[in-house]
>>> print(open('work-v6.txt').read())   # compact mmCIF, C-alpha atoms and all ligand atoms
# COMPACT_ATOMS: atom_id res chain seq x y z
CA MET A 16 14.84 -2.24 18.10
CA LYS A 17 14.31 1.39 19.07
CA GLY A 18 13.08 4.10 16.69
CA LYS A 19 11.22 1.88 14.26
CA ILE A 20 9.21 3.45 11.43
CA VAL A 21 6.03 1.81 10.08
CA LEU A 22 4.10 2.73 6.96
CA GLU A 23 1.04 0.60 6.39
CA GLU A 24 -1.01 1.77 9.33
CA HIS A 25 -4.67 2.50 8.82
CA LEU A 26 -7.31 4.89 10.10
CA SER A 27 -10.89 5.69 9.35
CA THR A 28 -13.07 8.79 9.47
CA THR A 29 -16.72 9.42 10.20
CA LEU A 30 -17.21 10.24 6.51
CA ASN A 31 -15.60 6.95 5.45
CA ASN A 32 -17.61 4.96 7.99
CA SER A 33 -20.82 6.49 6.68
CA LEU A 34 -20.16 5.01 3.21
CA TRP A 35 -19.45 1.35 3.86
CA ASP A 36 -21.43 -1.45 5.37
CA ALA A 37 -18.93 -3.42 7.44
CA GLY A 38 -21.21 -6.48 7.33
CA SER A 39 -19.12 -8.56 4.91
CA GLU A 40 -15.90 -7.83 6.82
CA ALA A 41 -17.61 -8.79 10.08
CA ALA A 42 -18.94 -11.98 8.49
CA ARG A 43 -15.44 -12.91 7.35
CA ASN A 44 -13.45 -11.79 10.37
CA GLY A 45 -15.97 -12.18 13.18
CA LYS A 46 -17.75 -9.42 15.07
CA ALA A 47 -15.39 -9.09 18.05
CA TYR A 48 -12.33 -8.67 15.80
CA MET A 49 -14.03 -6.08 13.58
CA ASP A 50 -15.48 -4.14 16.55
CA ASP A 51 -11.97 -3.85 17.96
CA VAL A 52 -10.49 -2.88 14.57
CA GLU A 53 -13.18 -0.26 13.95
CA SER A 54 -12.68 1.46 17.29
CA ARG A 55 -8.88 1.47 16.83
CA LEU A 56 -9.18 2.89 13.29
CA LEU A 57 -10.73 6.04 14.78
CA ASP A 58 -8.50 6.32 17.84
CA VAL A 59 -5.30 8.34 18.15
CA ASP A 60 -4.36 7.94 21.83
CA ARG A 61 -4.22 4.14 21.85
CA ARG A 62 -2.22 4.20 18.63
CA LEU A 63 0.42 6.47 20.17
CA GLU A 64 0.49 4.41 23.38
CA GLU A 65 1.07 1.22 21.43
CA MET A 66 3.77 2.90 19.37
CA ASP A 67 5.51 3.86 22.63
CA ARG A 68 5.19 0.38 24.06
CA ASN A 69 6.68 -1.23 20.93
CA ALA A 70 9.47 1.30 20.24
CA ILE A 71 7.83 2.59 17.06
CA GLU A 72 8.84 6.20 16.62
CA ILE A 73 6.99 7.21 13.44
CA ALA A 74 3.86 5.84 11.75
CA ILE A 75 2.83 6.87 8.24
CA ILE A 76 -0.95 6.47 8.42
CA SER A 77 -3.54 6.08 5.67
CA LEU A 78 -7.27 5.63 5.15
CA THR A 79 -8.34 1.98 5.34
CA SER A 80 -9.25 0.06 2.15
CA PRO A 81 -11.14 0.45 -0.18
CA GLY A 82 -11.53 4.21 0.41
CA ALA A 83 -12.02 6.48 -2.59
CA GLN A 84 -11.30 3.66 -5.04
CA SER A 85 -14.74 2.08 -4.65
CA ILE A 86 -16.87 5.21 -4.73
CA ILE A 87 -18.88 4.88 -7.93
CA ASP A 88 -19.58 8.53 -8.68
CA PRO A 89 -16.45 10.38 -9.86
CA ARG A 90 -17.45 13.77 -8.45
CA GLU A 91 -18.30 12.28 -5.08
CA ALA A 92 -14.94 10.44 -5.06
CA VAL A 93 -12.96 13.62 -5.77
CA GLU A 94 -14.80 15.46 -2.98
CA PHE A 95 -14.31 12.49 -0.64
CA ALA A 96 -10.54 12.52 -1.20
CA ARG A 97 -10.23 16.21 -0.39
CA LYS A 98 -12.37 15.97 2.76
CA THR A 99 -10.55 12.82 3.89
CA ASN A 100 -7.13 14.43 3.60
CA ASP A 101 -8.30 17.45 5.56
CA GLU A 102 -9.76 15.18 8.23
CA ILE A 103 -6.55 13.10 8.46
CA ASN A 104 -4.63 16.34 8.86
CA GLU A 105 -6.91 17.84 11.51
CA ASN A 106 -7.85 14.77 13.55
CA PHE A 107 -4.79 12.56 13.31
CA THR A 108 -1.47 14.02 12.23
CA ALA A 109 -2.02 17.35 14.01
CA ARG A 110 -2.13 15.44 17.29
CA ASP A 111 1.58 14.61 16.99
CA PRO A 112 2.95 15.96 13.72
CA ARG A 113 6.42 14.56 14.29
CA ARG A 114 5.39 10.96 14.96
CA LEU A 115 2.24 10.71 12.83
CA ARG A 116 2.74 11.34 9.14
CA ALA A 117 0.30 10.39 6.36
CA PHE A 118 -0.30 9.13 2.86
CA ALA A 119 -2.92 11.05 0.90
CA THR A 120 -6.16 9.61 -0.42
CA VAL A 121 -6.63 10.28 -4.13
CA ALA A 122 -9.56 9.61 -6.50
CA LEU A 123 -8.22 8.24 -9.79
CA HIS A 124 -11.68 8.51 -11.37
CA SER A 125 -10.35 11.87 -12.48
CA PRO A 126 -6.56 11.56 -12.79
CA GLY A 127 -6.08 15.32 -13.18
CA ASP A 128 -7.98 15.99 -9.95
CA ALA A 129 -6.07 13.18 -8.24
CA ALA A 130 -2.79 14.79 -9.30
CA ASP A 131 -3.92 18.19 -7.98
CA GLU A 132 -5.08 16.67 -4.69
CA LEU A 133 -1.81 14.80 -4.24
CA GLU A 134 0.10 18.01 -4.85
CA ARG A 135 -2.06 19.89 -2.32
CA ALA A 136 -1.67 17.09 0.24
CA VAL A 137 2.11 16.97 -0.17
CA ILE A 138 2.80 20.69 -0.35
CA GLU A 139 0.12 22.14 1.95
CA LEU A 140 -0.54 19.26 4.36
CA GLY A 141 2.95 17.75 4.48
CA MET A 142 1.83 14.30 3.38
CA LEU A 143 4.47 11.86 2.14
CA GLY A 144 2.87 10.30 -0.94
CA ALA A 145 -0.37 8.49 -1.75
CA LEU A 146 -1.84 5.15 -0.77
CA ILE A 147 -4.08 3.64 -3.45
CA ASN A 148 -6.30 0.61 -2.90
CA GLY A 149 -5.90 -1.15 -6.23
CA TYR A 150 -8.20 -0.54 -9.18
CA THR A 151 -10.78 2.26 -9.26
CA ASN A 152 -14.48 1.69 -9.89
CA VAL A 153 -15.61 4.18 -12.49
CA GLY A 154 -19.37 4.33 -12.97
CA SER A 155 -20.25 0.87 -11.59
CA ALA A 156 -19.15 -1.58 -8.91
CA ASP A 157 -18.05 -4.05 -11.56
CA SER A 158 -15.95 -1.67 -13.65
CA ALA A 159 -12.24 -1.22 -13.09
CA GLN A 160 -9.56 1.21 -14.07
CA TYR A 161 -6.11 -0.19 -13.26
CA LEU A 162 -3.22 2.11 -12.48
CA ASP A 163 -1.28 1.28 -15.66
CA GLU A 164 -4.12 2.35 -17.96
CA ALA A 165 -3.77 5.35 -20.24
CA PRO A 166 -5.90 7.94 -18.40
CA VAL A 167 -3.93 7.42 -15.17
CA TRP A 168 -0.60 8.44 -16.71
CA GLU A 169 -1.57 12.08 -16.19
CA PHE A 170 -1.50 11.28 -12.46
CA TRP A 171 1.85 9.47 -12.70
CA ASP A 172 3.33 12.46 -14.47
CA ARG A 173 2.62 14.58 -11.36
CA VAL A 174 3.85 11.84 -9.01
CA ALA A 175 7.15 11.88 -10.90
CA GLN A 176 7.37 15.67 -10.59
CA LEU A 177 6.59 15.59 -6.87
CA GLU A 178 9.06 12.71 -6.30
CA VAL A 179 6.89 10.95 -3.72
CA PRO A 180 6.20 7.20 -3.41
CA VAL A 181 2.85 5.54 -4.06
CA TYR A 182 1.78 2.68 -1.80
CA LEU A 183 -0.15 0.04 -3.76
CA HIS A 184 -2.56 -1.48 -1.24
CA PRO A 185 -4.94 -4.40 -1.90
CA ARG A 186 -8.67 -4.52 -2.30
CA GLU A 187 -10.95 -7.40 -3.17
CA ALA A 188 -11.15 -8.53 -6.81
CA LEU A 189 -14.03 -7.24 -8.95
CA PRO A 190 -17.31 -8.96 -7.99
CA SER A 191 -17.50 -10.65 -11.42
CA GLN A 192 -14.00 -12.08 -10.92
CA GLN A 193 -14.61 -13.83 -7.59
CA ARG A 194 -16.00 -17.12 -8.96
CA ILE A 195 -12.87 -18.98 -7.87
CA TYR A 196 -13.60 -18.11 -4.22
CA GLU A 197 -17.25 -19.24 -4.34
CA GLY A 198 -17.90 -21.50 -1.36
CA TYR A 199 -14.69 -20.27 0.31
CA ALA A 200 -15.58 -16.77 1.51
CA SER A 201 -12.61 -16.68 3.88
CA LEU A 202 -10.24 -16.48 0.89
CA VAL A 203 -11.64 -13.34 -0.79
CA GLY A 204 -9.66 -10.82 1.24
CA SER A 205 -6.41 -10.68 3.20
CA ALA A 206 -6.01 -14.45 3.65
CA TRP A 207 -5.45 -15.08 -0.08
CA GLY A 208 -7.29 -12.93 -2.64
CA PHE A 209 -5.42 -9.71 -1.83
CA ALA A 210 -2.11 -11.30 -2.78
CA HIS A 211 -3.27 -12.45 -6.19
CA GLU A 212 -5.05 -9.18 -6.97
CA THR A 213 -2.21 -6.89 -5.89
CA ALA A 214 0.70 -8.91 -7.29
CA THR A 215 -1.03 -9.01 -10.68
CA HIS A 216 -1.67 -5.27 -10.53
CA ALA A 217 2.02 -4.68 -9.79
CA ILE A 218 3.03 -6.83 -12.78
CA ARG A 219 0.65 -4.83 -15.01
CA LEU A 220 2.53 -1.69 -13.95
CA MET A 221 5.87 -3.31 -14.82
CA LEU A 222 4.76 -4.47 -18.28
CA SER A 223 3.02 -1.22 -19.21
CA GLY A 224 6.15 0.77 -19.95
CA LEU A 225 5.28 3.22 -17.13
CA PHE A 226 8.73 2.88 -15.57
CA ASP A 227 10.43 3.46 -18.93
CA ARG A 228 8.62 6.79 -19.22
CA TYR A 229 9.11 7.63 -15.51
CA PRO A 230 12.21 5.72 -14.36
CA ASN A 231 12.29 7.28 -10.90
CA LEU A 232 8.79 6.27 -9.73
CA SER A 233 8.76 4.39 -6.42
CA ILE A 234 5.94 1.93 -5.71
CA ILE A 235 5.63 0.31 -2.29
CA LEU A 236 4.13 -3.18 -2.11
CA VAL A 237 2.43 -4.70 0.91
CA HIS A 238 2.72 -7.99 2.75
CA LEU A 239 6.30 -8.92 1.79
CA GLY A 240 5.53 -8.27 -1.86
CA GLU A 241 2.43 -10.51 -2.07
CA GLY A 242 4.46 -13.53 -3.17
CA LEU A 243 6.40 -11.69 -5.89
CA PRO A 244 9.88 -12.30 -4.42
CA LEU A 245 9.34 -16.03 -4.85
CA MET A 246 7.31 -15.95 -8.07
CA LEU A 247 9.23 -13.32 -10.01
CA PRO A 248 12.03 -15.53 -11.36
CA ARG A 249 9.48 -17.89 -12.92
CA LEU A 250 7.45 -14.98 -14.29
CA GLU A 251 10.56 -13.57 -15.92
CA HIS A 252 11.61 -16.98 -17.26
CA ARG A 253 8.22 -17.69 -18.82
CA LEU A 254 7.85 -14.20 -20.30
CA ARG A 255 11.22 -14.69 -21.96
CA MET A 256 10.03 -18.02 -23.39
CA GLN A 257 7.01 -16.21 -24.87
CA HIS A 258 9.09 -13.62 -26.71
CA GLU A 259 8.01 -14.87 -30.16
CA GLY A 260 4.39 -14.93 -29.04
CA VAL A 261 2.59 -12.03 -27.40
CA GLY A 262 5.94 -10.83 -26.07
CA LEU A 263 6.64 -8.62 -23.12
CA GLY A 264 4.09 -5.91 -23.76
CA ALA A 265 5.33 -2.33 -23.82
CA ALA A 266 8.13 -2.91 -21.32
CA LYS A 267 11.71 -2.29 -22.40
CA ARG A 268 13.37 -4.04 -19.46
CA THR A 269 12.82 -7.27 -17.54
CA VAL A 270 10.35 -7.51 -14.69
CA GLY A 271 13.26 -8.21 -12.33
CA GLU A 272 14.88 -4.92 -13.30
CA TYR A 273 11.69 -2.97 -12.62
CA LEU A 274 11.18 -4.80 -9.36
CA SER A 275 14.62 -3.87 -8.09
CA HIS A 276 14.61 -0.28 -9.44
CA ASN A 277 11.04 0.88 -8.87
CA PHE A 278 9.61 -1.18 -6.00
CA TYR A 279 9.91 -1.34 -2.25
CA ILE A 280 8.15 -3.85 -0.04
CA THR A 281 6.99 -3.84 3.54
CA THR A 282 6.62 -6.63 6.09
CA SER A 283 3.03 -5.61 6.90
CA GLY A 284 0.92 -8.57 8.02
CA HIS A 285 3.58 -11.10 6.99
CA PHE A 286 5.81 -11.76 9.96
CA HIS A 287 7.87 -14.68 8.74
CA THR A 288 11.66 -14.75 8.70
CA ALA A 289 12.17 -17.12 5.72
CA GLY A 290 9.93 -14.82 3.66
CA LEU A 291 11.95 -11.81 4.82
CA HIS A 292 15.19 -13.48 3.72
CA SER A 293 13.66 -14.22 0.31
CA ALA A 294 12.52 -10.59 -0.02
CA ILE A 295 15.98 -9.29 0.88
CA ALA A 296 17.51 -11.64 -1.70
CA GLU A 297 15.26 -10.41 -4.54
CA PHE A 298 14.90 -6.72 -3.62
CA SER A 299 18.12 -5.95 -1.72
CA THR A 300 18.18 -4.94 1.91
CA ASP A 301 17.76 -1.27 0.90
CA ARG A 302 14.23 -1.88 -0.41
CA VAL A 303 12.52 -3.77 2.39
CA MET A 304 10.80 -1.84 5.20
CA PHE A 305 9.22 -2.91 8.46
CA SER A 306 5.47 -2.24 8.81
CA VAL A 307 2.58 -3.64 10.84
CA ASP A 308 -0.84 -3.13 9.12
CA TYR A 309 -2.36 -1.83 12.36
CA PRO A 310 -5.08 -2.25 13.57
CA TYR A 311 -5.74 -5.36 11.48
CA GLU A 312 -2.45 -6.67 12.91
CA SER A 313 -0.86 -6.14 16.29
CA MET A 314 2.11 -3.80 16.82
CA ALA A 315 3.28 -6.10 19.62
CA MET A 316 3.26 -9.25 17.50
CA ALA A 317 4.97 -7.55 14.56
CA SER A 318 7.61 -5.90 16.75
CA GLU A 319 8.31 -9.04 18.76
CA TRP A 320 8.94 -10.92 15.50
CA PHE A 321 11.01 -8.19 13.82
CA ASP A 322 13.12 -7.28 16.83
CA ASN A 323 14.18 -10.93 17.18
CA ALA A 324 14.31 -12.07 13.54
CA THR A 325 17.61 -13.67 12.50
CA ILE A 326 19.03 -10.92 10.30
CA ALA A 327 22.21 -8.85 10.58
CA GLU A 328 21.89 -5.89 12.95
CA ASN A 329 22.74 -3.39 10.21
CA ASP A 330 19.96 -4.90 8.07
CA ARG A 331 17.54 -4.58 10.99
CA GLU A 332 18.50 -0.91 11.26
CA ARG A 333 17.91 -0.34 7.52
CA ILE A 334 14.65 -2.31 7.34
CA GLY A 335 13.31 -0.99 10.63
CA ARG A 336 14.18 2.67 10.08
CA GLY A 337 16.97 3.75 7.70
CA ASN A 338 15.29 2.90 4.40
CA ALA A 339 12.14 4.81 5.36
CA LEU A 340 14.17 7.83 6.49
CA ARG A 341 15.86 7.91 3.10
CA LEU A 342 12.81 7.18 0.91
CA PHE A 343 10.59 9.77 2.64
CA LYS A 344 13.39 12.29 3.21
CA LEU A 345 12.51 12.41 6.91
MN MN B 1 -3.31 -2.79 5.04
>>> encode(input="work-v6.txt", output="structure tokens")
Amino acid sequence: MKGKIVLEEHLSTTLNNSLWDAGSEAARNGKAYMDDVESRLLDVDRRLEEMDRNAIEIAIISLTSPGAQSIIDPREAVEFARKTNDEINENFTARDPRRLRAFATVALHSPGDAADELERAVIELGMLGALINGYTNVGSADSAQYLDEAPVWEFWDRVAQLEVPVYLHPREALPSQQRIYEGYASLVGSAWGFAHETATHAIRLMLSGLFDRYPNLSIILVHLGEGLPLMLPRLEHRLRMQHEGVGLGAAKRTVGEYLSHNFYITTSGHFHTAGLHSAIAEFSTDRVMFSVDYPYESMAMASEWFDNATIAENDRERIGRGNALRLFKL
């Protein structure tokens, strides 16, 4: 398919690279894979060449996980977000402003500052929303602030005013919550742990009442919805059965209603046609979007799968391009 648009495509910066030790990623993924990923995260030319080769017209790029979310010091995180967005603007999107667009980095340690930075990134830098890597560490590596929690609503208020989507991207579970993976280090990240962490975070958002206060918020979920298309009917069924117990939390509507009104999902890193059919069935064909997860995944592999997947051609057009054009007002 020609003219595809992708939106979970990652980059890094020298500032970001100076903060993280890639040792645990290399241990999990192997050195050769991570060396290749790390050089591609910094590269613009190869990215554009691969987009050409695979008929991808536009990529919405974002800083790789965990980014600002795992900086412990709030002031440092706020400063990091501002510098990162400037660097994305100068070193990446400026190279081809039509084909490379971006999601802003924001530091939710200070929701007011995050709101201001998002507004600056959208209005002054032309960014298309924010990508947030799960919970935010505030003060220590084992503390978490989830996006549904009270202080963050100040940020959501601005998101609603700006009418831009937020991409909810995974990160590893809190160190103190990784006991279940002990002895199975391969499961902590993208192979399994990301799905559990991010799907649960999305459900927290649904049950918090956030979408009752701000009914037009749009959240984008990764990796074909991290299992939610399949699990949601059971979640909804069991929550209903619990209505005389702890109940449904602050939410006024069912999780299925929030899912189909406030969420979009992408195919990033999950190139499987039965899963795509299940996602279309739960979300509607207007809320599923093609993406790769470059450079952790290959544009060629993703495109080869998507271009040939057994779906209707008008669905391929929507999922590969039309839905993104509409959502991002491109
Ligand atoms: Mn990703």
>>> closest_atom_pairs(input="work-v6.txt", of="range 86-152 of chain A", to="range 189-211 of chain A", cutoff="12 Å", atoms="only C-alpha atoms", output="tab-separated table")
residue	atom	partner	partner_atom	distance
A:Asn148	CA	A:Phe209	CA	10.4
A:Gly149	CA	A:Phe209	CA	9.6
A:Tyr150	CA	A:Leu189	CA	8.9
A:Thr151	CA	A:Leu189	CA	10.0
A:Asn152	CA	A:Leu189	CA	9.0
>>> residues_near_ligand(input="work-v6.txt", ligand="ligand MN 1 (chain B)", cutoff="7 Å", atoms="all atoms listed in the file", output="MDAnalysis selection string")
chainID A and resid 23:25 79 184 308
>>> closest_residue(input="work-v6.txt", among="A:Gly284, A:Pro126, A:Gly271, A:Gly290", to="Ser313 in chain A", atoms="all atoms listed in the file")
A:Gly284
>>> closest_atom_pairs(input="work-v6.txt", of="range 96-197 of chain A", to="range 222-241 of chain A", cutoff="7 Å", atoms="only C-alpha atoms", output="Markdown table")
| residue | atom | partner | partner_atom | distance |
| --- | --- | --- | --- | --- |
| A:Asp163 | CA | A:Ser223 | CA | 6.1 |
| A:Ala175 | CA | A:Leu232 | CA | 6.0 |
| A:Pro180 | CA | A:Ser233 | CA | 4.8 |
| A:Val181 | CA | A:Ile234 | CA | 5.0 |
| A:Tyr182 | CA | A:Ile235 | CA | 4.5 |
| A:Leu183 | CA | A:Leu236 | CA | 5.6 |
| A:His184 | CA | A:Val237 | CA | 6.3 |
>>> residues_around(input="work-v6.txt", residues="Asp60 in chain A", least_positions_apart="3", cutoff="12 Å", atoms="only C-alpha atoms", output="list in words")
Ser54, Arg55, Leu56, Leu57, Leu63, Glu64, Glu65, Met66, Asp67, Asn106, Phe107, Thr108, Arg110, Asp111 and Leu115 of chain A
>>> write_last_selection(input="work-v6.txt", atoms="C-alpha atoms", output="PDB file, in the coordinates of the input")
ATOM      1  CA  SER A  54     -12.680   1.460  17.290  1.00  0.00           C
ATOM      2  CA  ARG A  55      -8.880   1.470  16.830  1.00  0.00           C
ATOM      3  CA  LEU A  56      -9.180   2.890  13.290  1.00  0.00           C
ATOM      4  CA  LEU A  57     -10.730   6.040  14.780  1.00  0.00           C
ATOM      5  CA  LEU A  63       0.420   6.470  20.170  1.00  0.00           C
ATOM      6  CA  GLU A  64       0.490   4.410  23.380  1.00  0.00           C
ATOM      7  CA  GLU A  65       1.070   1.220  21.430  1.00  0.00           C
ATOM      8  CA  MET A  66       3.770   2.900  19.370  1.00  0.00           C
ATOM      9  CA  ASP A  67       5.510   3.860  22.630  1.00  0.00           C
ATOM     10  CA  ASN A 106      -7.850  14.770  13.550  1.00  0.00           C
ATOM     11  CA  PHE A 107      -4.790  12.560  13.310  1.00  0.00           C
ATOM     12  CA  THR A 108      -1.470  14.020  12.230  1.00  0.00           C
ATOM     13  CA  ARG A 110      -2.130  15.440  17.290  1.00  0.00           C
ATOM     14  CA  ASP A 111       1.580  14.610  16.990  1.00  0.00           C
ATOM     15  CA  LEU A 115       2.240  10.710  12.830  1.00  0.00           C
TER      16      LEU A 115
END
>>> closest_residue(input="work-v6.txt", among="A:Gly45, A:Pro166, A:Pro112, A:Pro244", to="His124 in chain A", atoms="all atoms listed in the file")
A:Pro166
>>> residues_near_point(input="work-v6.txt", point="(6.0, -9.0, 13.3)", cutoff="9 Å", atoms="only C-alpha atoms", output="PyMOL selection string")
chain A and resi 282-287+305-307+312-322+324
>>> residues_around(input="work-v6.txt", residues="Leu250 in chain A", least_positions_apart="6", cutoff="10 Å", atoms="only C-alpha atoms", output="list in words")
Ile218, Leu243, Met256, Thr269, Val270 and Gly271 of chain A
>>> closest_atom_pairs(input="work-v6.txt", of="range 69-152 of chain A", to="range 34-41 of chain A", cutoff="12 Å", atoms="all atoms listed in the file", output="Markdown table")
| residue | atom | partner | partner_atom | distance |
| --- | --- | --- | --- | --- |
| A:Thr79 | CA | A:Trp35 | CA | 11.2 |
| A:Ser80 | CA | A:Trp35 | CA | 10.4 |
| A:Pro81 | CA | A:Trp35 | CA | 9.3 |
| A:Gly82 | CA | A:Trp35 | CA | 9.1 |
| A:Ala83 | CA | A:Leu34 | CA | 10.1 |
| A:Ser85 | CA | A:Trp35 | CA | 9.8 |
| A:Ile86 | CA | A:Leu34 | CA | 8.6 |
| A:Ile87 | CA | A:Leu34 | CA | 11.2 |
| A:Glu91 | CA | A:Leu34 | CA | 11.2 |
| A:Ala92 | CA | A:Leu34 | CA | 11.2 |
| A:Phe95 | CA | A:Leu34 | CA | 10.2 |
>>> write_last_selection(input="work-v6.txt", atoms="C-alpha atoms", output="CSV table (one decimal), keeping the file's coordinate frame")
chain,number,residue,atom,x,y,z
A,79,THR,CA,-8.3,2.0,5.3
A,80,SER,CA,-9.2,0.1,2.2
A,81,PRO,CA,-11.1,0.4,-0.2
A,82,GLY,CA,-11.5,4.2,0.4
A,83,ALA,CA,-12.0,6.5,-2.6
A,85,SER,CA,-14.7,2.1,-4.6
A,86,ILE,CA,-16.9,5.2,-4.7
A,87,ILE,CA,-18.9,4.9,-7.9
A,91,GLU,CA,-18.3,12.3,-5.1
A,92,ALA,CA,-14.9,10.4,-5.1
A,95,PHE,CA,-14.3,12.5,-0.6
>>> residues_around(input="work-v6.txt", residues="Ile334 in chain A", least_positions_apart="3", cutoff="10 Å", atoms="all atoms listed in the file", output="list in words")
Lys19, Ile20, Val21, Ile280, Thr281, Thr282, Ile295, Thr300, Asp301, Arg302, Val303, Met304, Phe305, Ser306, Phe321, Glu328, Asn329, Asp330, Arg331, Gly337, Asn338 and Ala339 of chain A
>>> write_last_selection(input="work-v6.txt", atoms="C-alpha atoms", output="PDB file, keeping the file's coordinate frame")
ATOM      1  CA  LYS A  19      11.220   1.880  14.260  1.00  0.00           C
ATOM      2  CA  ILE A  20       9.210   3.450  11.430  1.00  0.00           C
ATOM      3  CA  VAL A  21       6.030   1.810  10.080  1.00  0.00           C
ATOM      4  CA  ILE A 280       8.150  -3.850  -0.040  1.00  0.00           C
ATOM      5  CA  THR A 281       6.990  -3.840   3.540  1.00  0.00           C
ATOM      6  CA  THR A 282       6.620  -6.630   6.090  1.00  0.00           C
ATOM      7  CA  ILE A 295      15.980  -9.290   0.880  1.00  0.00           C
ATOM      8  CA  THR A 300      18.180  -4.940   1.910  1.00  0.00           C
ATOM      9  CA  ASP A 301      17.760  -1.270   0.900  1.00  0.00           C
ATOM     10  CA  ARG A 302      14.230  -1.880  -0.410  1.00  0.00           C
ATOM     11  CA  VAL A 303      12.520  -3.770   2.390  1.00  0.00           C
ATOM     12  CA  MET A 304      10.800  -1.840   5.200  1.00  0.00           C
ATOM     13  CA  PHE A 305       9.220  -2.910   8.460  1.00  0.00           C
ATOM     14  CA  SER A 306       5.470  -2.240   8.810  1.00  0.00           C
ATOM     15  CA  PHE A 321      11.010  -8.190  13.820  1.00  0.00           C
ATOM     16  CA  GLU A 328      21.890  -5.890  12.950  1.00  0.00           C
ATOM     17  CA  ASN A 329      22.740  -3.390  10.210  1.00  0.00           C
ATOM     18  CA  ASP A 330      19.960  -4.900   8.070  1.00  0.00           C
ATOM     19  CA  ARG A 331      17.540  -4.580  10.990  1.00  0.00           C
ATOM     20  CA  GLY A 337      16.970   3.750   7.700  1.00  0.00           C
ATOM     21  CA  ASN A 338      15.290   2.900   4.400  1.00  0.00           C
ATOM     22  CA  ALA A 339      12.140   4.810   5.360  1.00  0.00           C
TER      23      ALA A 339
END
>>> atom_distance(input="work-v6.txt", atom1="CA of Glu139 in chain A", atom2="CA of Trp168 in chain A")
23.2 Å
>>> closest_residue(input="work-v6.txt", among="A:Leu78, A:Thr215, A:Ser158, A:Asp131", to="Leu177 in chain A", atoms="all atoms listed in the file")
A:Asp131
